[in-house]
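One file, start22.cif, carrying mmCIF, C-alpha atoms:
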data_final
#
loop_
_atom_site.label_atom_id
_atom_site.label_comp_id
_atom_site.auth_asym_id
_atom_site.auth_seq_id
_atom_site.Cartn_x
_atom_site.Cartn_y
_atom_site.Cartn_z
CA MET A 440 47.29 -33.71 3.31
CA TYR A 441 49.09 -31.17 1.15
CA THR A 442 46.40 -30.91 -1.51
CA ILE A 443 46.98 -27.87 -3.70
CA GLY A 444 44.84 -25.16 -5.25
CA LEU A 445 45.81 -22.23 -7.45
CA GLU A 446 44.34 -18.80 -8.12
CA GLU A 447 45.60 -16.95 -11.20
CA GLU A 448 44.87 -13.32 -12.02
CA PHE A 449 44.77 -12.03 -15.61
CA PHE A 450 44.52 -8.71 -17.38
CA VAL A 451 41.73 -8.20 -19.92
CA PHE A 452 42.55 -5.92 -22.84
CA ASP A 453 41.12 -4.62 -26.10
CA ALA A 454 42.51 -6.87 -28.83
CA GLU A 455 42.81 -3.99 -31.30
CA THR A 456 44.36 -1.24 -29.18
CA ARG A 457 46.08 -3.59 -26.65
CA ARG A 458 45.04 -1.25 -23.83
CA ALA A 459 43.63 -2.71 -20.64
CA VAL A 460 39.86 -2.40 -20.60
CA ARG A 461 38.26 0.30 -18.47
CA ARG A 462 35.36 -1.98 -17.56
CA LEU A 463 34.58 -5.65 -18.20
CA ASP A 464 32.25 -6.51 -21.06
CA LYS A 465 29.08 -7.82 -19.36
CA ARG A 466 28.47 -10.46 -22.04
CA PHE A 467 32.03 -11.68 -21.70
CA LEU A 468 31.66 -11.98 -17.94
CA SER A 469 28.23 -13.62 -18.23
CA ALA A 470 29.56 -16.21 -20.67
CA LEU A 471 32.44 -17.02 -18.35
CA MET A 472 30.26 -17.33 -15.29
CA GLY A 473 27.93 -19.63 -17.19
CA ARG A 474 30.75 -21.93 -18.27
CA LEU A 475 33.04 -21.82 -15.24
CA GLY A 476 30.82 -20.99 -12.27
CA ASP A 477 32.96 -20.71 -9.15
CA GLY A 478 36.07 -21.22 -11.28
CA VAL A 479 36.11 -17.54 -12.24
CA SER A 480 35.67 -14.32 -10.28
CA THR A 481 36.10 -10.59 -10.71
CA GLU A 482 38.85 -8.55 -9.09
CA MET A 483 38.87 -5.12 -7.46
CA LEU A 484 39.59 -3.38 -10.77
CA GLN A 485 37.52 -4.05 -13.88
CA SER A 486 40.60 -4.70 -16.01
CA GLN A 487 41.36 -7.92 -14.13
CA ILE A 488 39.79 -11.34 -13.72
CA GLU A 489 40.72 -14.43 -11.70
CA ILE A 490 40.46 -18.17 -12.24
CA VAL A 491 40.41 -20.66 -9.36
CA THR A 492 41.11 -24.38 -9.36
CA PRO A 493 39.48 -26.77 -6.91
CA PRO A 494 41.75 -28.54 -4.40
CA CYS A 495 43.90 -31.01 -6.34
CA GLU A 496 45.58 -34.23 -5.24
CA THR A 497 48.18 -34.19 -8.03
CA MET A 498 50.04 -31.60 -10.05
CA SER A 499 48.72 -33.16 -13.27
CA ASP A 500 45.19 -32.46 -12.03
CA ALA A 501 46.15 -28.89 -11.20
CA ARG A 502 47.66 -28.42 -14.66
CA ALA A 503 44.57 -29.83 -16.36
CA HIS A 504 42.33 -27.40 -14.49
CA LEU A 505 44.57 -24.43 -15.33
CA VAL A 506 44.68 -25.38 -19.00
CA ARG A 507 40.90 -25.73 -19.18
CA LEU A 508 40.27 -22.49 -17.31
CA ARG A 509 42.79 -20.52 -19.38
CA ARG A 510 41.40 -21.85 -22.65
CA THR A 511 37.85 -21.04 -21.69
CA LEU A 512 38.92 -17.56 -20.63
CA GLY A 513 40.79 -17.00 -23.88
CA ASP A 514 37.95 -18.29 -26.08
CA ALA A 515 35.37 -16.11 -24.32
CA ALA A 516 37.62 -13.08 -24.65
CA ALA A 517 38.30 -13.63 -28.35
CA ALA A 518 34.56 -13.88 -29.03
CA ARG A 519 34.13 -10.33 -27.69
CA GLY A 520 37.17 -8.75 -29.39
CA LEU A 521 39.23 -8.96 -26.21
CA GLY A 522 42.46 -10.57 -25.12
CA VAL A 523 43.70 -11.96 -21.81
CA ALA A 524 47.27 -12.04 -20.55
CA ALA A 525 48.90 -13.55 -17.47
CA MET A 526 51.40 -10.85 -16.51
CA GLY A 527 52.35 -9.33 -13.18
CA THR A 528 51.78 -5.84 -14.58
CA PHE A 529 50.22 -4.89 -17.90
CA PRO A 530 52.26 -2.58 -20.17
CA LEU A 531 49.26 -0.56 -21.37
CA ALA A 532 47.23 -0.24 -18.18
CA PHE A 533 46.95 3.31 -16.83
CA TRP A 534 45.60 3.80 -13.34
CA PRO A 535 43.54 6.98 -13.93
CA GLU A 536 41.51 4.99 -16.49
CA MET A 537 40.74 2.04 -14.20
CA GLU A 538 37.28 1.49 -12.70
CA GLN A 539 36.44 -0.34 -9.50
CA THR A 540 34.28 -3.45 -9.53
CA ARG A 541 31.07 -2.80 -7.60
CA LYS A 542 31.24 -5.06 -4.56
CA LYS A 543 30.84 -4.11 -0.91
CA ARG A 544 34.26 -5.46 0.03
CA TYR A 545 36.00 -3.65 -2.81
CA GLY A 546 34.20 -0.41 -1.98
CA ALA A 547 35.42 -0.55 1.62
CA ILE A 548 38.99 -1.31 0.53
CA MET A 549 38.98 1.50 -2.02
CA ASP A 550 37.59 3.95 0.53
CA ASP A 551 40.48 3.07 2.83
CA LEU A 552 43.26 2.97 0.22
CA GLN A 553 42.14 5.95 -1.90
CA MET A 554 44.52 6.56 -4.84
CA ILE A 555 46.68 3.60 -3.85
CA GLY A 556 43.69 1.34 -4.47
CA SER A 557 43.21 2.78 -7.95
CA ARG A 558 46.86 2.00 -8.69
CA ASN A 559 46.40 -1.67 -7.77
CA MET A 560 46.97 -2.83 -11.35
CA MET A 561 48.85 -5.99 -10.45
CA CYS A 562 48.18 -9.66 -11.14
CA GLY A 563 49.64 -12.47 -9.06
CA MET A 564 49.46 -16.21 -8.66
CA HIS A 565 48.33 -17.51 -5.27
CA VAL A 566 49.15 -21.08 -4.30
CA HIS A 567 47.27 -22.79 -1.45
CA VAL A 568 48.67 -25.93 0.17
CA ALA A 569 46.53 -27.69 2.75
CA VAL A 570 47.96 -27.83 6.26
CA PRO A 571 45.09 -28.69 8.63
CA ASP A 572 47.04 -27.91 11.83
CA LEU A 573 46.23 -24.25 12.52
CA ASP A 574 49.19 -23.72 14.84
CA ALA A 575 51.54 -25.22 12.26
CA ARG A 576 50.44 -22.77 9.55
CA VAL A 577 51.65 -19.66 11.35
CA ASN A 578 54.95 -21.28 12.29
CA LEU A 579 55.33 -22.54 8.72
CA MET A 580 54.75 -19.02 7.40
CA THR A 581 57.77 -17.77 9.34
CA ARG A 582 59.99 -20.71 8.39
CA LEU A 583 59.01 -20.44 4.69
CA THR A 584 59.71 -16.71 4.52
CA PRO A 585 63.43 -17.09 3.61
CA TYR A 586 62.41 -18.76 0.31
CA LEU A 587 60.01 -16.05 -0.87
CA PRO A 588 62.62 -14.30 -3.08
CA LEU A 589 63.31 -17.61 -4.83
CA PHE A 590 59.65 -17.98 -5.81
CA LEU A 591 59.54 -14.37 -6.93
CA ALA A 592 62.67 -14.67 -9.07
CA LEU A 593 61.33 -17.76 -10.85
CA SER A 594 57.96 -16.10 -11.58
CA THR A 595 58.92 -12.56 -12.62
CA SER A 596 56.63 -11.28 -15.38
CA SER A 597 56.29 -7.54 -14.74
CA PRO A 598 58.98 -5.36 -16.34
CA PHE A 599 56.52 -2.71 -17.64
CA TRP A 600 54.37 -0.13 -15.89
CA GLN A 601 52.03 2.40 -17.51
CA GLY A 602 53.65 2.33 -20.93
CA HIS A 603 57.25 2.33 -19.70
CA PHE A 604 60.02 -0.21 -19.32
CA THR A 605 60.87 -0.03 -15.62
CA GLY A 606 64.35 -1.55 -15.70
CA LEU A 607 63.13 -4.21 -13.24
CA VAL A 608 62.31 -7.77 -14.25
CA GLY A 609 59.59 -7.86 -11.60
CA TYR A 610 58.07 -4.44 -10.91
CA ARG A 611 54.77 -5.75 -9.51
CA LEU A 612 55.75 -5.84 -5.85
CA ALA A 613 57.32 -2.38 -6.04
CA ALA A 614 53.82 -1.11 -6.80
CA TYR A 615 51.91 -3.61 -4.65
CA ASP A 616 53.93 -2.81 -1.55
CA GLU A 617 52.41 0.68 -1.56
CA LEU A 618 49.47 -1.06 0.13
CA PRO A 619 49.49 -1.59 3.89
CA ARG A 620 50.09 -5.06 5.36
CA THR A 621 52.04 -6.32 2.34
CA GLY A 622 55.61 -7.54 1.89
CA LEU A 623 57.33 -10.02 4.17
CA PRO A 624 55.31 -11.25 7.16
CA GLU A 625 56.31 -10.45 10.70
CA LEU A 626 58.32 -12.98 12.71
CA PHE A 627 55.45 -14.69 14.46
CA ARG A 628 56.37 -17.97 16.13
CA SER A 629 52.93 -19.17 17.17
CA ASN A 630 49.29 -18.92 16.28
CA GLN A 631 48.77 -16.93 19.50
CA ASP A 632 51.21 -14.24 18.30
CA TYR A 633 49.31 -13.99 15.03
CA ASP A 634 45.90 -13.97 16.72
CA ASP A 635 47.00 -11.19 19.08
CA TYR A 636 48.10 -9.09 16.11
CA ILE A 637 44.85 -9.65 14.20
CA ALA A 638 42.76 -9.01 17.30
CA ALA A 639 44.49 -5.68 17.88
CA LEU A 640 43.76 -4.45 14.35
CA VAL A 641 40.20 -5.76 14.31
CA GLY A 642 39.53 -4.35 17.77
CA ALA A 643 40.68 -0.92 16.65
CA GLY A 644 38.41 -1.07 13.59
CA ILE A 645 41.38 -0.92 11.21
CA ILE A 646 40.48 -4.15 9.41
CA PRO A 647 37.37 -6.36 9.67
CA ASP A 648 39.23 -9.68 9.57
CA ALA A 649 42.48 -11.46 8.65
CA SER A 650 41.67 -11.51 4.91
CA TYR A 651 42.89 -7.89 4.86
CA ILE A 652 46.43 -9.08 5.60
CA TRP A 653 48.11 -9.19 2.20
CA TRP A 654 51.60 -10.43 3.01
CA ALA A 655 53.67 -12.36 0.47
CA ILE A 656 52.73 -15.51 2.40
CA ARG A 657 49.96 -15.98 4.94
CA PRO A 658 47.69 -18.51 6.63
CA SER A 659 44.43 -18.39 4.69
CA LEU A 660 41.36 -17.22 6.59
CA ASN A 661 38.84 -19.12 4.44
CA HIS A 662 40.75 -22.36 3.85
CA PRO A 663 42.91 -24.69 5.99
CA THR A 664 45.94 -23.72 3.91
CA ILE A 665 49.19 -21.82 3.84
CA GLU A 666 49.00 -19.38 0.91
CA LEU A 667 51.92 -18.22 -1.25
CA ARG A 668 51.23 -14.74 -2.65
CA VAL A 669 54.67 -13.48 -3.67
CA ALA A 670 54.65 -14.85 -7.23
CA ASP A 671 53.82 -12.78 -10.30
CA SER A 672 51.09 -14.17 -12.52
CA CYS A 673 52.94 -16.70 -14.69
CA THR A 674 52.49 -16.17 -18.42
CA ARG A 675 53.31 -19.80 -19.22
CA VAL A 676 51.15 -22.42 -17.55
CA GLU A 677 54.07 -24.84 -17.16
CA ASP A 678 55.96 -22.20 -15.15
CA ALA A 679 52.93 -21.77 -12.89
CA VAL A 680 52.61 -25.51 -12.27
CA ALA A 681 56.34 -25.97 -11.58
CA ILE A 682 56.53 -23.07 -9.12
CA ALA A 683 53.38 -24.28 -7.36
CA ALA A 684 54.88 -27.78 -7.11
CA LEU A 685 58.07 -26.38 -5.59
CA PHE A 686 56.04 -24.59 -2.94
CA ARG A 687 53.96 -27.68 -2.23
CA CYS A 688 57.04 -29.84 -1.71
CA LEU A 689 58.71 -27.22 0.46
CA VAL A 690 55.62 -26.94 2.66
CA ARG A 691 55.64 -30.70 3.18
CA ALA A 692 59.38 -30.74 3.93
CA LEU A 693 59.17 -28.03 6.56
CA ASP A 694 56.01 -29.45 8.05
CA ARG A 695 57.61 -32.85 8.64
CA ASP A 696 60.81 -31.24 10.00
CA ARG A 697 59.54 -28.53 12.33
CA ASP A 698 63.03 -27.61 13.51
CA ARG A 699 64.10 -26.60 10.02
CA ASN A 700 64.65 -22.80 9.86
CA ALA A 701 63.60 -22.43 13.51
CA SER A 702 66.60 -20.10 13.91
CA PHE A 703 65.27 -17.63 11.30
CA ASP A 704 65.66 -14.26 13.01
CA ARG A 705 65.65 -10.50 12.43
CA VAL A 706 69.00 -10.61 10.62
CA GLY A 707 67.70 -13.39 8.36
CA ARG A 708 64.55 -11.40 7.69
CA ALA A 709 66.60 -8.32 6.79
CA ILE A 710 68.68 -10.41 4.38
CA THR A 711 65.45 -11.83 2.90
CA ALA A 712 64.17 -8.29 2.32
CA GLU A 713 67.36 -7.55 0.35
CA ASN A 714 66.98 -10.83 -1.56
CA LYS A 715 63.40 -9.82 -2.39
CA TRP A 716 64.63 -6.54 -3.89
CA ASN A 717 67.32 -8.34 -5.92
CA ALA A 718 64.68 -10.75 -7.25
CA GLN A 719 62.52 -7.79 -8.31
CA ARG A 720 65.43 -6.00 -9.97
CA TYR A 721 67.33 -8.85 -11.62
CA GLY A 722 65.07 -11.91 -11.47
CA ILE A 723 66.95 -15.17 -11.99
CA ALA A 724 70.16 -13.22 -12.76
CA ALA A 725 70.31 -11.88 -9.20
CA THR A 726 72.94 -12.67 -6.60
CA PHE A 727 71.28 -13.72 -3.36
CA VAL A 728 72.54 -14.15 0.19
CA ASP A 729 71.82 -17.29 2.19
CA PRO A 730 69.89 -15.99 5.24
CA PHE A 731 71.53 -18.61 7.47
CA SER A 732 75.14 -19.10 6.28
CA ARG A 733 75.39 -15.52 4.89
CA ALA A 734 77.09 -16.93 1.77
CA PRO A 735 76.30 -15.58 -1.73
CA LEU A 736 74.07 -17.73 -3.92
CA THR A 737 73.14 -17.87 -7.58
CA ILE A 738 69.64 -18.99 -8.51
CA ARG A 739 71.01 -22.35 -9.65
CA GLU A 740 72.85 -22.91 -6.39
CA TRP A 741 69.83 -21.93 -4.33
CA LEU A 742 67.47 -24.11 -6.34
CA ASP A 743 69.83 -27.10 -6.05
CA GLN A 744 70.06 -26.52 -2.30
CA VAL A 745 66.28 -26.48 -1.94
CA ARG A 746 65.77 -29.53 -4.15
CA GLU A 747 68.19 -31.50 -2.01
CA LEU A 748 66.12 -30.52 1.02
CA ILE A 749 62.83 -31.58 -0.57
CA ALA A 750 63.99 -34.70 -2.45
CA GLN A 751 61.87 -37.01 -0.28
CA ASP A 752 58.84 -34.78 -0.73
CA VAL A 753 59.25 -34.54 -4.50
CA GLU A 754 59.01 -38.33 -4.68
CA ALA A 755 56.13 -38.57 -2.22
CA LEU A 756 54.07 -35.96 -4.10
CA GLY A 757 55.04 -37.09 -7.61
CA CYS A 758 56.62 -33.77 -8.62
CA ARG A 759 59.80 -34.88 -10.38
CA GLY A 760 58.69 -33.58 -13.78
CA GLU A 761 57.83 -30.16 -12.37
CA MET A 762 61.25 -29.92 -10.74
CA GLY A 763 62.80 -30.51 -14.15
CA HIS A 764 60.85 -27.60 -15.59
CA LEU A 765 62.40 -25.27 -13.03
CA ASP A 766 65.75 -25.93 -14.74
CA ARG A 767 64.19 -24.80 -18.02
CA ILE A 768 63.07 -21.54 -16.41
CA VAL A 769 66.60 -20.91 -15.14
CA ALA A 770 68.17 -21.80 -18.49
CA GLY A 771 65.69 -20.02 -20.76
CA GLY A 772 64.51 -17.13 -18.60
CA THR A 773 61.23 -16.09 -17.04
CA SER A 774 58.35 -14.33 -18.74
CA GLY A 775 59.88 -11.04 -17.62
CA ASP A 776 63.18 -11.90 -19.32
CA ARG A 777 61.35 -12.79 -22.52
CA GLN A 778 59.26 -9.62 -22.45
CA ILE A 779 62.39 -7.50 -22.12
CA ALA A 780 64.10 -9.35 -24.97
CA ILE A 781 61.10 -8.88 -27.30
CA TYR A 782 60.90 -5.19 -26.43
CA LYS A 783 64.61 -4.54 -26.99
CA GLN A 784 64.69 -6.55 -30.21
CA ALA A 785 61.78 -4.53 -31.61
CA LEU A 786 63.49 -1.24 -30.73
CA ALA A 787 66.80 -2.42 -32.19
CA ALA A 788 65.00 -3.24 -35.44
CA GLY A 789 63.77 0.34 -35.66
CA GLY A 790 60.36 -0.11 -34.05
CA ARG A 791 58.72 2.59 -31.98
CA ARG A 792 58.16 2.16 -28.26
CA LEU A 793 54.40 1.62 -28.52
CA SER A 794 54.81 -0.92 -31.30
CA ALA A 795 57.45 -2.77 -29.27
CA ILE A 796 55.14 -2.88 -26.26
CA LYS A 797 52.33 -4.27 -28.42
CA ASP A 798 54.69 -7.04 -29.52
CA VAL A 799 55.23 -7.90 -25.87
CA ILE A 800 51.49 -8.01 -25.20
CA ASP A 801 50.83 -10.19 -28.25
CA TRP A 802 53.48 -12.66 -27.11
CA ALA A 803 52.08 -12.79 -23.57
CA ALA A 804 48.51 -13.27 -24.77
CA ALA A 805 49.53 -16.12 -27.07
CA GLU A 806 51.59 -17.82 -24.35
CA THR A 807 48.83 -17.50 -21.77
CA THR A 808 46.64 -20.02 -23.59
CA ALA A 809 49.33 -21.89 -25.57
CA ALA A 810 49.34 -24.90 -23.23
CA GLY A 811 45.65 -25.37 -23.90
CA ASP A 812 46.35 -25.68 -27.61
CA LEU A 813 49.09 -28.25 -26.94
CA ALA A 814 46.83 -30.25 -24.66
CA SER A 815 44.08 -30.24 -27.24
CA ALA A 816 46.41 -31.54 -29.93
CA ALA A 817 47.89 -34.28 -27.72
#
Would you mind writing the structure in this file as structure tokens?
Amino acid sequence: MYTIGLEEEFFVFDAETRRAVRRLDKRFLSALMGRLGDGVSTEMLQSQIEIVTPPCETMSDARAHLVRLRRTLGDAAAARGLGVAAMGTFPLAFWPEMEQTRKKRYGAIMDDLQMIGSRNMMCGMHVHVAVPDLDARVNLMTRLTPYLPLFLALSTSSPFWQGHFTGLVGYRLAAYDELPRTGLPELFRSNQDYDDYIAALVGAGIIPDASYIWWAIRPSLNHPTIELRVADSCTRVEDAVAIAALFRCLVRALDRDRDRNASFDRVGRAITAENKWNAQRYGIAATFVDPFSRAPLTIREWLDQVRELIAQDVEALGCRGEMGHLDRIVAGGTSGDRQIAIYKQALAAGGRRLSAIKDVIDWAAAETTAAGDLASAA
């Protein structure tokens, strides 16, 4: 129970110009497929690539897989004059230049979404936690929804969009929510509610199956898991592991106490939507509202509240070290905070906007594979 798997999306860019590639280098992709097999896959746009861990029993196993996959990805990219970066949005990706990956599924999605599909230049981290009880997964989705802004705030890594500083720490969801069936899930209480919704859309020919539901959290169609999708792609691997561990522990806590958050209602969902916006705009500096007590919360207060709730689960799943890293994110800032600081420092020193953006990309690319270097030296 509660095994965990992660999917991380990355941008691929030209190491000289720092612009996102228009199409993937075939030799680069072939080398990756040969070394990683099912551990790597293409995305809808050619400028992106995804790595996938197997189901893991421990967070140390999950970290080891991420480190290995990231290092292999970085080495293969460097050999072809490319770079890879784990960022929610890429500062020098421009949607009119992007090309679709040729797959039947992607072609159908692009035909439906039109220009919105071409603008889908976003990378996220998806965390799967095994919950074999199908009915429990839908109910868990609803009861986990209040925490989605917390996961977003801790993961923000997308302050830039098409060569511009957006003013948001996490712009990714502002762009992603242009797509249909995104954002916060509906308030479904049972698997029957969810099945009725899916059946209506499939029956009308709007979607072929439930994998076309792209909410910030959902029951997975292909795996017996609840899937977190709200998080930006984490530049630093330790951030990714810590946020994934927090989700895993929270899933276990709410699964063993099925009355917890049973009162989550339309008012709570509306408050959560506001919290989601504040997480996008301000990240860990945001003021949030408790969806139940209606009291204001800082990120530290909210995180302490959640960790008290999941204390038993942290011990059971061996996640104490990962919980400690969450404090380091709050104290030192997210990737988005660091990107903004680098950008502003470069401008203050007299640098031009493009040069400052390149500094941001260089930092993100180095950090994306830095944990692999540390692991190798250990």
| query | What does the distance between atom CA of Val690 of chain A and atom CA of Asp776 of chain A come to in Å, to one decimal place? | reply | 27.7 Å
| task | Would you translate the PyMOL selection byres ((chain A and resi 480-487) around 6) into the concrete set of residues it matches in this file, as a PyMOL selection string? | result | chain A and resi 449-451+459-460+462-463+479+488-489+538-540+545
| said: Residue by residue, what does the PyMOL selection byres ((chain A and resi 527) around 7) grab here? Present the result as a list in words. | reply: Ala525, Met526, Thr528, Phe529, Met561, Cys562, Gly563, Ser596, Ser597, Arg611, Asp671 and Ser672 of chain A
| task | Select, from A:Asp696, A:Ala670, A:Ala532, A:Ala524, the residue with the minimum atom-to-atom distance to Ile749 of chain A, counting only C-alpha atoms. | result |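 Residue with the minimum atom-to-atom distance to Ile749 of chain A: A:Asp696.
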So that I can see what lies close to segment 729-742 of chain A, please list as a PDB file with C-alpha atoms, in the frame of the given file the residues with an atom at most 6 Å from it, counting only C-alpha atoms and leaving out residues fewer than 6 positions away in the same chain.
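New file result37.pdb:
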ATOM      1  CA  GLY A 707      67.700 -13.390   8.360  1.00  0.00           C
ATOM      2  CA  ILE A 710      68.680 -10.410   4.380  1.00  0.00           C
ATOM      3  CA  ILE A 723      66.950 -15.170 -11.990  1.00  0.00           C
TER       4      ILE A 723
END
| Picked residues, the PyMOL selection byres ((chain A and resi 764-771) around 8), as a PyMOL selection string | chain A and resi 593+677-678+681-682+723+738-739+760-763+772-773
From (37.3, -20.2, -9.8), in the file's coordinates, out to 6 Å: which residues are reached, counting only C-alpha atoms? Answer as a PDB file with C-alpha atoms, in the coordinates of the input.
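The file below, point-v4.pdb, is the result:
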ATOM      1  CA  ASP A 477      32.960 -20.710  -9.150  1.00  0.00           C
ATOM      2  CA  GLY A 478      36.070 -21.220 -11.280  1.00  0.00           C
ATOM      3  CA  VAL A 479      36.110 -17.540 -12.240  1.00  0.00           C
ATOM      4  CA  ILE A 490      40.460 -18.170 -12.240  1.00  0.00           C
ATOM      5  CA  VAL A 491      40.410 -20.660  -9.360  1.00  0.00           C
ATOM      6  CA  THR A 492      41.110 -24.380  -9.360  1.00  0.00           C
TER       7      THR A 492
END
| query | For Ile779 of chain A, which residue out of A:Ile800, A:Ala712, A:Ala809, A:Leu471 is the nearest one, using only C-alpha atoms? | reply |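 Smallest separation from Ile779 of chain A among the options: A:Ile800.
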| Counting all atoms listed in the file, which of A:Leu660, A:Val706, A:Val680, A:Val799 gets nearest to Ala503 of chain A? |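 For Ala503 of chain A, the nearest of the given residues is A:Val680.
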| message | Please compute the atom CA of Ile548 of chain A-atom CA of Ile646 of chain A distance, one decimal, in Å. | response |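 Atom CA of Ile548 of chain A sits 9.4 Å away from atom CA of Ile646 of chain A.
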| Separation of atom CA of Ser594 of chain A from atom CA of Gln719 of chain A, in Å and rounded to one decimal |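 Pair atom CA of Ser594 of chain A / atom CA of Gln719 of chain A returns 10.0 Å.
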| said: Report as a PyMOL selection string all protein, DNA and RNA residues lying within 8 Å of Met440 of chain A, evaluated on all atoms listed in the file, omitting residues in the same chain fewer than 6 positions from it. | reply: chain A and resi 569-571
| said: Using all atoms listed in the file for the distances, tell me which of A:Leu589, A:Ala614, A:Ala547, A:Gln553 is nearest to Asp743 of chain A. | reply: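 Of A:Leu589, A:Ala614, A:Ala547, A:Gln553, the one nearest Asp743 of chain A, counting all atoms listed in the file, is A:Leu589.
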Listed atoms of segment 745-761 of chain A boxed axis-aligned with 8 Å per side, centre + edges as AutoDock Vina command-line options:
--center_x 61.1 --center_y -32.5 --center_z -6.4 --size_x 30.1 --size_y 28.1 --size_z 30.8
